[in-house]
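Listing of coords-v9.txt, compact mmCIF, N, CA and C atoms
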# COMPACT_ATOMS: atom_id res chain seq x y z
N MET A 211 1.23 10.81 -9.35
CA MET A 211 0.66 9.78 -8.52
C MET A 211 1.42 8.48 -8.69
N SER A 212 1.55 7.76 -7.60
CA SER A 212 2.23 6.48 -7.66
C SER A 212 1.21 5.34 -7.76
N ASN A 213 1.72 4.16 -8.01
CA ASN A 213 0.84 2.99 -8.04
C ASN A 213 0.20 2.75 -6.68
N CYS A 214 0.84 3.20 -5.62
CA CYS A 214 0.30 2.99 -4.28
C CYS A 214 -1.09 3.61 -4.13
N ASP A 215 -1.33 4.71 -4.81
CA ASP A 215 -2.62 5.38 -4.71
C ASP A 215 -3.77 4.51 -5.20
N TYR A 216 -3.47 3.53 -6.03
CA TYR A 216 -4.50 2.66 -6.59
C TYR A 216 -4.39 1.23 -6.08
N CYS A 217 -3.62 1.02 -5.03
CA CYS A 217 -3.39 -0.33 -4.50
C CYS A 217 -4.38 -0.65 -3.38
N LEU A 218 -4.82 -1.88 -3.34
CA LEU A 218 -5.75 -2.31 -2.28
C LEU A 218 -5.10 -2.27 -0.90
N TYR A 219 -3.78 -2.35 -0.85
CA TYR A 219 -3.08 -2.36 0.44
C TYR A 219 -2.75 -0.96 0.96
N TYR A 220 -3.06 0.07 0.21
CA TYR A 220 -2.77 1.44 0.61
C TYR A 220 -3.98 1.95 1.38
N VAL A 221 -3.90 1.95 2.70
CA VAL A 221 -5.05 2.27 3.54
C VAL A 221 -4.74 3.45 4.45
N TYR A 222 -5.79 4.11 4.88
CA TYR A 222 -5.65 5.27 5.78
C TYR A 222 -5.55 4.79 7.22
N ASP A 223 -4.54 5.26 7.92
CA ASP A 223 -4.33 4.93 9.32
C ASP A 223 -4.73 6.15 10.16
N GLU A 224 -5.83 6.03 10.90
CA GLU A 224 -6.32 7.17 11.69
C GLU A 224 -5.37 7.55 12.81
N GLU A 225 -4.67 6.57 13.37
CA GLU A 225 -3.75 6.84 14.47
C GLU A 225 -2.61 7.76 14.03
N PHE A 226 -2.07 7.52 12.83
CA PHE A 226 -0.97 8.32 12.32
C PHE A 226 -1.43 9.44 11.39
N ASP A 227 -2.72 9.44 11.05
CA ASP A 227 -3.32 10.46 10.18
C ASP A 227 -2.62 10.52 8.82
N GLU A 228 -2.35 9.33 8.26
CA GLU A 228 -1.73 9.26 6.94
C GLU A 228 -2.02 7.90 6.31
N TYR A 229 -1.75 7.80 5.03
CA TYR A 229 -1.92 6.54 4.33
C TYR A 229 -0.68 5.68 4.49
N ILE A 230 -0.87 4.39 4.67
CA ILE A 230 0.24 3.46 4.83
C ILE A 230 0.01 2.24 3.95
N CYS A 231 1.07 1.49 3.73
CA CYS A 231 0.97 0.23 2.99
C CYS A 231 0.75 -0.88 4.01
N SER A 232 -0.43 -1.48 3.99
CA SER A 232 -0.72 -2.53 4.96
C SER A 232 -0.02 -3.84 4.63
N ALA A 233 0.55 -3.96 3.44
CA ALA A 233 1.30 -5.16 3.06
C ALA A 233 2.72 -5.11 3.60
N ALA A 234 3.14 -3.98 4.14
CA ALA A 234 4.51 -3.82 4.62
C ALA A 234 4.85 -4.83 5.71
N GLY A 235 3.88 -5.27 6.47
CA GLY A 235 4.13 -6.26 7.51
C GLY A 235 4.50 -7.61 6.94
N ASP A 236 4.12 -7.87 5.69
CA ASP A 236 4.45 -9.15 5.05
C ASP A 236 5.77 -9.10 4.29
N MET A 237 6.37 -7.92 4.17
CA MET A 237 7.62 -7.78 3.42
C MET A 237 8.80 -8.20 4.28
N ASP A 238 9.81 -8.78 3.62
CA ASP A 238 11.05 -9.02 4.36
C ASP A 238 11.84 -7.71 4.41
N GLU A 239 12.92 -7.70 5.13
CA GLU A 239 13.66 -6.45 5.36
C GLU A 239 14.17 -5.84 4.05
N ASP A 240 14.68 -6.66 3.14
CA ASP A 240 15.20 -6.14 1.87
C ASP A 240 14.10 -5.51 1.03
N ASP A 241 12.95 -6.19 0.95
CA ASP A 241 11.82 -5.64 0.20
C ASP A 241 11.36 -4.32 0.80
N TYR A 242 11.31 -4.26 2.12
CA TYR A 242 10.84 -3.04 2.79
C TYR A 242 11.77 -1.86 2.52
N VAL A 243 13.09 -2.10 2.55
CA VAL A 243 14.05 -1.02 2.28
C VAL A 243 13.90 -0.54 0.85
N ARG A 244 13.75 -1.46 -0.12
CA ARG A 244 13.54 -1.06 -1.51
C ARG A 244 12.24 -0.27 -1.66
N PHE A 245 11.20 -0.69 -0.93
CA PHE A 245 9.92 0.00 -0.98
C PHE A 245 10.05 1.42 -0.42
N GLN A 246 10.71 1.57 0.70
CA GLN A 246 10.86 2.88 1.35
C GLN A 246 11.74 3.83 0.54
N THR A 247 12.79 3.31 -0.07
CA THR A 247 13.72 4.18 -0.78
C THR A 247 13.28 4.43 -2.22
N GLY A 248 12.35 3.64 -2.71
CA GLY A 248 11.85 3.84 -4.06
C GLY A 248 12.78 3.30 -5.14
N THR A 249 13.75 2.46 -4.76
CA THR A 249 14.68 1.92 -5.76
C THR A 249 14.06 0.79 -6.56
N ASP A 250 13.05 0.16 -6.03
CA ASP A 250 12.36 -0.91 -6.76
C ASP A 250 11.03 -0.36 -7.24
N ARG A 251 10.92 -0.12 -8.53
CA ARG A 251 9.72 0.52 -9.09
C ARG A 251 8.52 -0.42 -9.16
N SER A 252 8.74 -1.73 -9.14
CA SER A 252 7.61 -2.66 -9.21
C SER A 252 7.43 -3.32 -7.85
N CYS A 253 6.27 -3.16 -7.30
CA CYS A 253 5.97 -3.74 -5.98
C CYS A 253 5.30 -5.09 -6.18
N ARG A 254 5.88 -6.13 -5.62
CA ARG A 254 5.30 -7.46 -5.79
C ARG A 254 3.98 -7.62 -5.03
N TYR A 255 3.68 -6.71 -4.12
CA TYR A 255 2.44 -6.79 -3.35
C TYR A 255 1.32 -5.95 -3.95
N TYR A 256 1.60 -5.23 -5.02
CA TYR A 256 0.61 -4.34 -5.63
C TYR A 256 -0.58 -5.14 -6.16
N ARG A 257 -1.77 -4.72 -5.77
CA ARG A 257 -3.02 -5.27 -6.31
C ARG A 257 -3.88 -4.10 -6.71
N PRO A 258 -4.23 -4.02 -7.99
CA PRO A 258 -5.01 -2.87 -8.44
C PRO A 258 -6.40 -2.85 -7.83
N GLY A 259 -6.89 -1.68 -7.62
CA GLY A 259 -8.23 -1.50 -7.08
C GLY A 259 -8.71 -0.11 -7.40
N ASP A 260 -9.98 0.10 -7.22
CA ASP A 260 -10.53 1.44 -7.37
C ASP A 260 -11.24 1.79 -6.07
N ASP A 261 -11.82 2.95 -6.01
CA ASP A 261 -12.47 3.37 -4.77
C ASP A 261 -13.54 2.39 -4.31
N TYR A 262 -14.25 1.79 -5.24
CA TYR A 262 -15.34 0.90 -4.86
C TYR A 262 -14.82 -0.42 -4.29
N THR A 263 -13.78 -0.99 -4.87
CA THR A 263 -13.26 -2.24 -4.32
C THR A 263 -12.59 -2.01 -2.98
N ILE A 264 -11.97 -0.86 -2.81
CA ILE A 264 -11.32 -0.57 -1.53
C ILE A 264 -12.37 -0.40 -0.44
N VAL A 265 -13.46 0.30 -0.73
CA VAL A 265 -14.53 0.48 0.26
C VAL A 265 -15.18 -0.85 0.60
N ARG A 266 -15.42 -1.68 -0.39
CA ARG A 266 -16.02 -3.00 -0.11
C ARG A 266 -15.11 -3.81 0.80
N LYS A 267 -13.79 -3.69 0.63
CA LYS A 267 -12.85 -4.42 1.46
C LYS A 267 -12.92 -3.93 2.90
N GLN A 268 -13.10 -2.63 3.10
CA GLN A 268 -13.11 -2.06 4.44
C GLN A 268 -14.40 -2.35 5.20
N ASN A 269 -15.48 -2.59 4.50
CA ASN A 269 -16.76 -2.83 5.18
C ASN A 269 -16.94 -4.25 5.59

Can I see the file as structure tokens?
Amino acid sequence: MSNCDYCLYYVYDEEFDEYICSAAGDMDEDDYVRFQTGTDRSCRYYRPGDDYTIVRKQN
């Protein structure tokens, strides 16, 4: 499992039927390429959360 699985920005997109990083829109092009390729192991947008905090955010 990656850190994305526990990130508040990792949300389910019903249109694409998959989980996406909702913080990706705030990333500049270099950050996004590092995020997609996995070369940068630490994500500056990572915010820890659990199932309960994520659900509270969605409601």

Could you work out how far atom N of Pro258 of chain A lies from atom N of Cys217 of chain A, giving the answer in Å with one decimal?
5.9 Å

Give me the residues near segment 219-228 of chain A as a PyMOL selection string, where near means some atom within 7 Å (using only N, CA and C atoms) and where sequence neighbours in that chain fewer than 3 positions away do not count.
chain A and resi 214-216+231-233+255-257

Enumerate as a ChimeraX atom specification all residues of segment 215-264 of chain A assigned to alpha helix (DSSP H) by DSSP on the backbone, naming them with the chain letters and numbers the document uses.
/A:239-247,261-264

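One finds atom CA of Tyr229 of chain A at 16.6 Å from atom CA of Cys253 of chain A.
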
Between atom N of Asn213 of chain A and atom C of Met237 of chain A - distance in Å to one decimal
18.8 Å
